[in-house]
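Engineer: Once you've had a glance at the structure underneath, I'll fire off some questions.
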Amino acid sequence: MRAPISVVIPTLNAQSALETTLGPVYEGVQAGLLHELILSDGGSTDDTAKIADAAGAVWVTGSPSRGGQIARGIAAAQADWVLILHADTILPKGWAGMCHAHMTRGQAGYFDLRFDHRGVMARIVERWVWFRSRKMGLPYGDQALFVSREMLQDIGGYPDLPLMEDVTIAKRLAGKLVPLGGYVVTSAEKYRKRGWLTQGARNLRLLVKFLRGADPQQLYDDYYTPPKG
C-alpha cells in the first residue's frame with residue numbers, strides 16, 4: 001500500500017535553512033506515512049538543488065510564485081494527502097502521528113506556531129497567530145497546512161498567487177481546518193531585521209488589504225520592498 005503523505009516544500013535560495021527543516025521530515029518515513037518529499041523550486045541559484053538531491057527529494061522547477069510553486073508540487077504528488085511546509089519551518093516531534101490521526105478522520109489541519117527566538121515580543125506575536133488561526137480561521141503557510149488532494153480539487157486547487165495564497169486556501173476551507181496539535185518552529189529573521197512591531201504591523205496591514213480585495217501581486221511588491229530608513 002502506498003504511504004499516504006507527500007510533503008511539499010516551495011523553495012527559492014533556501015540552502016541556509018533547508019537542511020535543518022528536512023531532518024524532522026523523515027520521521028514520516030519511520031512511521032510508514034511519508035510517500036515522498038517534493039521540493040518545488042522557483043529558480044534557486046544557491047545549493048538548494050544539491051541539498052534536494054542529497055535528500056532524495058522529487059525536484060520540480062518553474063517560475064517563482066509561492067502559490068504556483070506549491071500548486072506544481074501538489075500536481076507532482078502521488079499520495080492522497082499533502083503537508084505543505086515552508087523551507088524555514090521545523091516540524092514538531094510526533095508530527096506524523098498527529099497528521100495520521102486527523103487524516104483518518106478526514107480533517108485538514110495546521111500546527112500552532114512558535115518562533116526560533118525567545119522574548120516578550122515573540123510571545124505576543126505567537127498569541128496573535130493563535131487568535132488569527134483559532135478565532136478567525138486564518139492559519140498561514142508557515143504553520144504547515146495539511147490537506148487532502150481531494151479537498152483541494154473540490155475547492156478549485158491551490159491558487160497561483162505570489163502572496164496570501166495560504167489565506168485564500170484557509171478561506172476556501174472555512175470550517176474544515178483544525179489544529180493538528182503541537183507547534184512548528186519558524187524563523188523570526190524578518191522580525192529581527194525589521195523590528196517586531198514594524199513587521200507585525202506590516203503583516204496585519206497586508207492582511208486587511210487582501211481581505212478588502214487588494215491585488216496579491218501589489219501586496220507582494222509592497223511586502224518585499226525594503227523599508228525606508
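Ordering of the C-alpha cells sets the chain letters (A, B, ...), residue numbers begin anew at 1 in every chain, and ligands are numbered from 1 in the order given.
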Considering only C-alpha atoms, return as JSON, numbers by chain whatever protein or nucleic-acid residues lie within 12 Å of segment 19-26 of chain A, sequence-local ones (same chain, fewer than 5 positions apart) excluded.

Structural biologist: {"A": [5, 6, 7, 8, 9, 11, 14, 31, 32, 33, 34, 35, 36, 37, 38, 39, 47, 48, 49, 50, 51, 52, 53, 54, 55, 56, 57, 83, 84, 85, 86, 87, 88, 89, 90, 91, 92, 93, 94, 95, 96, 142, 144, 184, 185, 186, 187]}

Engineer: Pull the strand (DSSP E) assignments for segment 101-227 of chain A out of DSSP run on the backbone, and list those residues as a ChimeraX atom specification.

Structural biologist: /A:108-115,145-148,177-186

Engineer: Counting only C-alpha atoms, what is within 9 Å of Ala76 of chain A, bar same-chain residues fewer than 5 positions away, as a list in words?

Structural biologist: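 Contacts, in chain order: Ile38, Val58, Val60 and Ala71 of chain A.
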
Engineer: Residues at most 9 Å from Gly157 of chain A, counting only C-alpha atoms, excluding those fewer than 4 positions away in the same chain, as a ChimeraX atom specification?

Structural biologist: /A:71,149,151-153,169

Engineer: Can you tell me how far atom CA of Pro139 of chain A sits from atom CA of Gly62 of chain A, in Å to one decimal?

Structural biologist: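 Answer for the atom CA of Pro139 of chain A to atom CA of Gly62 of chain A separation: 25.9 Å.
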
Engineer: Can you list every residue in segment 8-159 of chain A that DSSP puts in alpha helix (DSSP H), as a ChimeraX atom specification?

Structural biologist: /A:15-25,27-30,48-54,66-76,95-104,120-134,149-154

Engineer: Taking into account only C-alpha atoms, which residue in the set A:Gln78, A:Thr198, A:Thr45, A:Ser40 is nearest to Gln15 of chain A?

Structural biologist: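 Using only C-alpha atoms, Gln15 of chain A sits closest to A:Thr45.
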
Engineer: Please report the interatomic distance between atom CA of Leu12 of chain A and atom CA of Asp222 of chain A in Å with one decimal.

Structural biologist: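 That distance, rounded to one decimal, is 18.8 Å.
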
Engineer: Choose the residue, out of A:Arg66, A:His102, A:Lys171, A:Arg192, that has the smallest atom-to-atom separation from Ser133 of chain A; count only C-alpha atoms.

Structural biologist: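 Of all the options, A:Lys171 lies closest to Ser133 of chain A.
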
Engineer: To one decimal place, how far is atom CA of Val208 of chain A from atom CA of Met164 of chain A in Å?

Structural biologist: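 Result for atom CA of Val208 of chain A versus atom CA of Met164 of chain A: 11.0 Å, one decimal.
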
Engineer: Using only C-alpha atoms, find each residue in segment 131-174 of chain A having at least one atom no more than 9 Å away from segment 103-109 of chain A; report its shortest atom-to-atom pair and that distance in Å (one decimal), rows by chain then rising number, as CSV.

Structural biologist:
residue,atom,partner,partner_atom,distance
A:Ala144,CA,A:Gly109,CA,8.4
A:Leu145,CA,A:Gly109,CA,5.9
A:Phe146,CA,A:Gly109,CA,5.1
A:Val147,CA,A:Ala108,CA,4.6
A:Ser148,CA,A:Ala108,CA,7.0
A:Met151,CA,A:Ala108,CA,8.4
A:Leu173,CA,A:Ala108,CA,8.5

Engineer: Give me, as a list of chain:residue names, all polymer residues having an atom no more than 10 Å from Gly68 of chain A, counting only C-alpha atoms and skipping those fewer than 3 positions away in the same chain.

Structural biologist: A:Pro10, A:Ser40, A:Asp41, A:Gly42, A:Gly62, A:Ser63, A:Pro64, A:Ser65, A:Ala71, A:Arg72, A:Gly73, A:Ile74, A:Tyr158, A:Pro159, A:Asp160, A:Leu161, A:Pro162, A:Glu165

Engineer: Write a file of the selected residues as an mmCIF file, in the first residue's frame, keeping N, CA, C and O atoms.

Structural biologist:
data_model
loop_
_atom_site.group_PDB
_atom_site.id
_atom_site.type_symbol
_atom_site.label_atom_id
_atom_site.label_comp_id
_atom_site.auth_asym_id
_atom_site.auth_seq_id
_atom_site.Cartn_x
_atom_site.Cartn_y
_atom_site.Cartn_z
ATOM 1 N N PRO A 10 7.990 24.644 -1.000
ATOM 2 C CA PRO A 10 8.397 25.623 -2.006
ATOM 3 C C PRO A 10 9.745 26.220 -1.615
ATOM 4 O O PRO A 10 9.969 26.558 -0.445
ATOM 5 N N SER A 40 9.621 22.148 -4.649
ATOM 6 C CA SER A 40 9.158 22.878 -5.825
ATOM 7 C C SER A 40 9.876 24.216 -5.865
ATOM 8 O O SER A 40 9.587 25.117 -5.083
ATOM 9 N N ASP A 41 10.819 24.319 -6.766
ATOM 10 C CA ASP A 41 11.752 25.453 -6.753
ATOM 11 C C ASP A 41 11.365 26.550 -7.739
ATOM 12 O O ASP A 41 10.816 26.276 -8.812
ATOM 13 N N GLY A 42 11.696 27.775 -7.357
ATOM 14 C CA GLY A 42 11.371 28.922 -8.194
ATOM 15 C C GLY A 42 12.568 29.563 -8.854
ATOM 16 O O GLY A 42 12.514 30.737 -9.237
ATOM 17 N N GLY A 62 10.019 25.792 -11.839
ATOM 18 C CA GLY A 62 9.119 26.666 -12.572
ATOM 19 C C GLY A 62 9.346 28.100 -12.154
ATOM 20 O O GLY A 62 10.294 28.413 -11.429
ATOM 21 N N SER A 63 8.494 28.981 -12.609
ATOM 22 C CA SER A 63 8.647 30.394 -12.297
ATOM 23 C C SER A 63 8.406 30.640 -10.806
ATOM 24 O O SER A 63 7.654 29.910 -10.156
ATOM 25 N N PRO A 64 9.058 31.669 -10.232
ATOM 26 C CA PRO A 64 8.891 31.950 -8.812
ATOM 27 C C PRO A 64 7.526 32.559 -8.498
ATOM 28 O O PRO A 64 7.132 33.581 -9.057
ATOM 29 N N SER A 65 6.791 31.910 -7.662
ATOM 30 C CA SER A 65 5.499 32.356 -7.137
ATOM 31 C C SER A 65 5.126 31.298 -6.122
ATOM 32 O O SER A 65 4.949 30.133 -6.496
ATOM 33 N N ALA A 71 1.421 24.701 -5.997
ATOM 34 C CA ALA A 71 0.487 24.032 -6.910
ATOM 35 C C ALA A 71 1.210 23.017 -7.786
ATOM 36 O O ALA A 71 0.721 21.900 -8.019
ATOM 37 N N ARG A 72 2.407 23.365 -8.272
ATOM 38 C CA ARG A 72 3.182 22.427 -9.093
ATOM 39 C C ARG A 72 3.641 21.227 -8.263
ATOM 40 O O ARG A 72 3.655 20.094 -8.743
ATOM 41 N N GLY A 73 4.022 21.494 -7.018
ATOM 42 C CA GLY A 73 4.412 20.398 -6.148
ATOM 43 C C GLY A 73 3.265 19.445 -5.876
ATOM 44 O O GLY A 73 3.434 18.223 -5.892
ATOM 45 N N ILE A 74 2.082 20.007 -5.647
ATOM 46 C CA ILE A 74 0.899 19.170 -5.406
ATOM 47 C C ILE A 74 0.544 18.371 -6.659
ATOM 48 O O ILE A 74 0.158 17.202 -6.582
ATOM 49 N N TYR A 158 -4.920 24.639 -5.651
ATOM 50 C CA TYR A 158 -4.125 25.619 -4.913
ATOM 51 C C TYR A 158 -3.900 26.839 -5.801
ATOM 52 O O TYR A 158 -3.482 26.713 -6.949
ATOM 53 N N PRO A 159 -4.168 28.047 -5.298
ATOM 54 C CA PRO A 159 -4.109 29.245 -6.149
ATOM 55 C C PRO A 159 -2.688 29.683 -6.475
ATOM 56 O O PRO A 159 -1.814 29.670 -5.602
ATOM 57 N N ASP A 160 -2.454 30.044 -7.718
ATOM 58 C CA ASP A 160 -1.142 30.534 -8.156
ATOM 59 C C ASP A 160 -1.048 32.022 -7.827
ATOM 60 O O ASP A 160 -1.237 32.888 -8.688
ATOM 61 N N LEU A 161 -0.762 32.304 -6.549
ATOM 62 C CA LEU A 161 -0.633 33.677 -6.074
ATOM 63 C C LEU A 161 0.749 33.861 -5.459
ATOM 64 O O LEU A 161 1.259 32.952 -4.792
ATOM 65 N N PRO A 162 1.374 35.021 -5.623
ATOM 66 C CA PRO A 162 2.707 35.235 -5.057
ATOM 67 C C PRO A 162 2.681 35.485 -3.555
ATOM 68 O O PRO A 162 3.693 35.345 -2.876
ATOM 69 N N GLU A 165 -1.603 33.267 -0.713
ATOM 70 C CA GLU A 165 -2.164 32.019 -1.207
ATOM 71 C C GLU A 165 -2.655 31.149 -0.054
ATOM 72 O O GLU A 165 -3.651 30.425 -0.188
#

Engineer: Have a look at A:Arg2, A:Pro216, A:Ala188, A:Lys209 and name the one nearest to Arg118 of chain A; count only C-alpha atoms.

Structural biologist: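 Among the listed residues, the smallest separation from Arg118 of chain A belongs to A:Ala188.
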
Engineer: Looking at only C-alpha atoms, which of A:Arg194, A:Gly182, A:Gly175, A:Thr168 is the one that sits closest to Leu207 of chain A?

Structural biologist: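 Closest to Leu207 of chain A, using only C-alpha atoms: A:Thr168.
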